[in-house]
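A quick write-up on the structure given underneath.
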Amino acid sequence: MAPSGQRSTRVLTERQPAERSSPKGDEAGLSPKSKSPAINRSYDILDLLASARAPVLSRADITQQIGLPRSSTANLLSALEECGLVERTGNDYSLGRKIVTLASAYLRKFDPVQEFYRYCSNSDILKDETVRIAILDRNEIIYIARYEGHPAIHLTSNIGDRMPVSLSAVGKAIVARLDDEDVQKMFSGTRILPVMTEHSIRTLPQLRKELKETRLRGYAIEDEEATPGVVCLGMAVPTRGVNGPKMGVSVSSVKVTFDQQRHARLLEGLQNLVRAIGSPLDGME
């Protein structure tokens, strides 16, 4: 994180059954408060099929776990089957191929940067913070987006600036996802790492130790390593494909206000942000 005006360095469950509706609800046994009860219950069925361990569920199982009358379940399943959202074999049901088509269309149109700005501006935790996205480029990171909750307090590099991975929380978080062999190749021929403050990591053994600790805790910490008086938390973002951009996010704080409570709160905000902009397919079995 280069200070404002300073040129950046270039040396980077078991599912719980749905609550049974009151018999005073509509004919499908649904709560009259719901604006679209059929859509809500259709989603419940799809979610149940998606989370089930078995490849198929019987109509009786679905009826019991969703908590609907048998006739209502049958009607909803018939409509979902007609749309291709579920497939039926006898009295057994599974997710339909149309789900894949819809998911693929969503992923093609999903823009993590736009979602980053939208999420930060609406987050109770991050809306007043300094948050960034960066991608890995060899042994540096490049900032591709920056959200400034306090425009008057500029703690971060500009969009397009580079920073050695050893000097940034987001860089360490991304590199920590690589195996030791890839990390060794990344720093082949490097003896001394770039230094910006007295707290900067200076050697590869120190960096490897820091990466190991990052893997164990699940996020990286930068403690005045790039900018005096500034602390930063960083996390890697799941991205699609082996050759996809290696991406991460980070949030900054002045050290004088960075107590244990603020640490926990900013970490929670960062974790939620990663889930919001990460690929839904990452980590799926």
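We name chains A, B, ... following the order of the structure tokens; residues begin at 1 in each chain, and ligands are numbered from 1 as shown.
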I need the residues of segment 190-253 of chain A that end up classed as helix (DSSP H, G or I) by DSSP on the backbone, written out as a count of residues only. 14
Secondary structure check, strand (DSSP E) residues of segment 68-162 of chain A, as a PyMOL selection string: chain A and resi 86-89+92-95+130-137+140-148+162
Compile the contact shell of Ala79 of chain A as a ChimeraX atom specification: residues with an atom at most 12 Å away, counting only C-alpha atoms, same-chain residues fewer than 5 positions apart removed. /A:38-39,41-42,45,72-74,84-88
Now that the selection is made, can you save its residues with C-alpha atoms as a tab-separated table (two decimals), in the first residue's frame?
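Contents of the output file part.tsv:
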```tsv
chain	number	residue	atom	x	y	z
A	38	ALA	CA	-45.35	-20.86	-5.44
A	39	ILE	CA	-41.95	-19.41	-6.40
A	41	ARG	CA	-41.73	-23.27	-2.52
A	42	SER	CA	-40.30	-24.09	-5.95
A	45	ILE	CA	-37.62	-27.91	-3.77
A	72	SER	CA	-49.28	-29.19	-3.97
A	73	THR	CA	-45.88	-30.90	-4.15
A	74	ALA	CA	-46.98	-32.87	-7.21
A	84	GLY	CA	-36.55	-28.47	-17.36
A	85	LEU	CA	-35.49	-27.44	-13.87
A	86	VAL	CA	-36.05	-30.95	-12.51
A	87	GLU	CA	-35.99	-34.36	-14.14
A	88	ARG	CA	-38.22	-37.30	-13.17
```
What lies within 7 Å of Met196 of chain A using only C-alpha atoms, ignoring chain neighbours under 4 positions off, as a ChimeraX atom specification? /A:200,225-226
Residues of the last selection are to be written out with N, CA, C and O atoms, as a PDB file, in the first residue's frame.
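And here is the file that came out, result_8.pdb:
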```
ATOM      1  N   SER A 200       9.202  -4.228   6.860  1.00  0.00           N
ATOM      2  CA  SER A 200       9.069  -5.033   5.639  1.00  0.00           C
ATOM      3  C   SER A 200       9.767  -6.385   5.783  1.00  0.00           C
ATOM      4  O   SER A 200      10.818  -6.498   6.422  1.00  0.00           O
ATOM      5  N   GLU A 225       4.153  -2.828   6.898  1.00  0.00           N
ATOM      6  CA  GLU A 225       5.233  -3.329   6.050  1.00  0.00           C
ATOM      7  C   GLU A 225       5.425  -2.511   4.779  1.00  0.00           C
ATOM      8  O   GLU A 225       6.494  -2.536   4.162  1.00  0.00           O
ATOM      9  N   ALA A 226       4.375  -1.787   4.363  1.00  0.00           N
ATOM     10  CA  ALA A 226       4.471  -0.942   3.176  1.00  0.00           C
ATOM     11  C   ALA A 226       4.304   0.532   3.520  1.00  0.00           C
ATOM     12  O   ALA A 226       4.900   1.388   2.880  1.00  0.00           O
TER      13      ALA A 226
END
```
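Excluding segment 111-128 of chain A and any residue on its chain fewer than 5 positions from it, the residues at most 8 Å away by only C-alpha atoms are Ile133, Ala145, Tyr147, Glu148, Gly149, His150, Arg265, Leu266, Gly269, Leu273, Ala276, Ile277 and Gly278 of chain A.
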Go ahead and save the residues from that selection, with N, CA, C and O atoms, as a compact mmCIF listing (two decimals), in the first residue's frame.
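Saved as part-v1.txt:
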```
# COMPACT_ATOMS: atom_id res chain seq x y z
N ILE A 133 -9.21 -4.51 -4.74
CA ILE A 133 -9.02 -5.79 -5.43
C ILE A 133 -7.68 -5.73 -6.14
O ILE A 133 -7.31 -4.70 -6.71
N ALA A 145 -9.04 -2.34 -8.65
CA ALA A 145 -10.21 -1.59 -8.16
C ALA A 145 -9.93 -1.13 -6.74
O ALA A 145 -9.24 -1.81 -5.98
N TYR A 147 -12.09 0.86 -3.48
CA TYR A 147 -13.27 1.52 -2.90
C TYR A 147 -12.80 2.35 -1.72
O TYR A 147 -12.16 1.84 -0.80
N GLU A 148 -13.10 3.66 -1.75
CA GLU A 148 -12.68 4.56 -0.68
C GLU A 148 -13.89 5.01 0.11
O GLU A 148 -14.65 5.88 -0.30
N GLY A 149 -14.10 4.41 1.28
CA GLY A 149 -15.20 4.83 2.14
C GLY A 149 -14.96 6.20 2.74
O GLY A 149 -15.90 6.92 3.06
N HIS A 150 -13.68 6.56 2.91
CA HIS A 150 -13.30 7.88 3.42
C HIS A 150 -12.39 8.53 2.37
O HIS A 150 -11.18 8.40 2.44
N ARG A 265 -14.05 -7.37 13.20
CA ARG A 265 -15.11 -6.80 12.37
C ARG A 265 -14.66 -6.68 10.91
O ARG A 265 -15.41 -7.04 9.99
N LEU A 266 -13.45 -6.17 10.70
CA LEU A 266 -12.95 -6.04 9.33
C LEU A 266 -12.76 -7.40 8.67
O LEU A 266 -13.01 -7.57 7.47
N GLY A 269 -16.09 -8.59 7.47
CA GLY A 269 -16.47 -7.90 6.24
C GLY A 269 -15.73 -8.44 5.04
O GLY A 269 -16.31 -8.60 3.96
N LEU A 273 -17.20 -10.33 1.71
CA LEU A 273 -16.90 -9.80 0.38
C LEU A 273 -16.36 -10.89 -0.54
O LEU A 273 -16.75 -10.99 -1.71
N ALA A 276 -19.08 -12.91 -1.79
CA ALA A 276 -19.93 -12.19 -2.73
C ALA A 276 -19.34 -12.13 -4.14
O ALA A 276 -20.07 -12.21 -5.12
N ILE A 277 -18.02 -11.97 -4.25
CA ILE A 277 -17.42 -11.78 -5.57
C ILE A 277 -16.68 -13.01 -6.08
O ILE A 277 -16.22 -13.02 -7.22
N GLY A 278 -16.54 -14.05 -5.25
CA GLY A 278 -15.85 -15.26 -5.69
C GLY A 278 -16.71 -16.10 -6.60
O GLY A 278 -17.93 -15.94 -6.67
```
How far is it from atom CA of Thr197 of chain A to atom CA of Tyr143 of chain A, in Å with one decimal?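 Distance reported for this atom pair: 20.2 Å.
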Please provide as an NGL selection string all residues within 9 Å of segment 168-172 of chain A, with the sequence filter that same-chain residues fewer than 6 positions apart are discarded (counting only C-alpha atoms). :A and (1 or 12 or 132-136 or 139-141 or 207 or 210-211 or 214 or 219-223 or 225-226 or 231-236 or 247-251)
Distance of atom CA of Ile66 of chain A from atom CA of Asn91 of chain A, expressed in Å to one decimal place: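 It comes out at 16.2 Å.
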Please provide as a PyMOL selection string all residues within 7 Å of Val230 of chain A, with the sequence filter that same-chain residues fewer than 2 positions apart are discarded (counting only C-alpha atoms). chain A and resi 223-224+227-228+232+252-255
Next, the residues of the selection above should be written as a PDB file, in the first residue's frame with N, CA and C atoms.
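Ended up saving to part.pdb:
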```pdb
ATOM      1  N   ASP A 223       1.419  -5.561   8.539  1.00  0.00           N
ATOM      2  CA  ASP A 223       1.519  -4.692   9.705  1.00  0.00           C
ATOM      3  C   ASP A 223       2.630  -3.657   9.488  1.00  0.00           C
ATOM      4  N   GLU A 224       2.254  -2.513   8.903  1.00  0.00           N
ATOM      5  CA  GLU A 224       3.190  -1.414   8.638  1.00  0.00           C
ATOM      6  C   GLU A 224       4.360  -1.840   7.743  1.00  0.00           C
ATOM      7  N   THR A 227       3.485   0.812   4.536  1.00  0.00           N
ATOM      8  CA  THR A 227       3.220   2.194   4.928  1.00  0.00           C
ATOM      9  C   THR A 227       3.219   2.302   6.445  1.00  0.00           C
ATOM     10  N   PRO A 228       4.044   3.163   7.032  1.00  0.00           N
ATOM     11  CA  PRO A 228       4.040   3.331   8.488  1.00  0.00           C
ATOM     12  C   PRO A 228       2.661   3.741   8.997  1.00  0.00           C
ATOM     13  N   CYS A 232      -3.212  -3.878   7.352  1.00  0.00           N
ATOM     14  CA  CYS A 232      -4.064  -4.354   6.267  1.00  0.00           C
ATOM     15  C   CYS A 232      -4.338  -5.842   6.429  1.00  0.00           C
ATOM     16  N   SER A 252      -7.930  -1.857   4.659  1.00  0.00           N
ATOM     17  CA  SER A 252      -6.876  -1.171   5.405  1.00  0.00           C
ATOM     18  C   SER A 252      -7.434  -0.442   6.621  1.00  0.00           C
ATOM     19  N   SER A 253      -6.540  -0.181   7.569  1.00  0.00           N
ATOM     20  CA  SER A 253      -6.911   0.557   8.771  1.00  0.00           C
ATOM     21  C   SER A 253      -5.686   1.271   9.312  1.00  0.00           C
ATOM     22  N   VAL A 254      -5.889   2.450   9.885  1.00  0.00           N
ATOM     23  CA  VAL A 254      -4.781   3.078  10.608  1.00  0.00           C
ATOM     24  C   VAL A 254      -4.551   2.260  11.880  1.00  0.00           C
ATOM     25  N   LYS A 255      -3.302   2.092  12.241  1.00  0.00           N
ATOM     26  CA  LYS A 255      -2.972   1.174  13.322  1.00  0.00           C
ATOM     27  C   LYS A 255      -3.496   1.633  14.675  1.00  0.00           C
TER      28      LYS A 255
END
```
Restricting the calculation to only C-alpha atoms, which member of A:Leu204, A:Ile142, A:Leu76, A:Leu49 is positioned closest to Val183 of chain A?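 Among the listed residues, A:Leu204 lies closest to Val183 of chain A.
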In terms of the shortest atom-to-atom distance over only C-alpha atoms, which of A:Ile192, A:Arg202, A:Gln64, A:Glu81 is closest to Leu48 of chain A?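 That would be A:Gln64, the residue with the smallest distance to Leu48 of chain A.
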To one decimal place, how far is atom CA of Arg215 of chain A from atom CA of Ala176 of chain A in Å?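 If I compute the distance from atom CA of Arg215 of chain A to atom CA of Ala176 of chain A, I get 6.0 Å.
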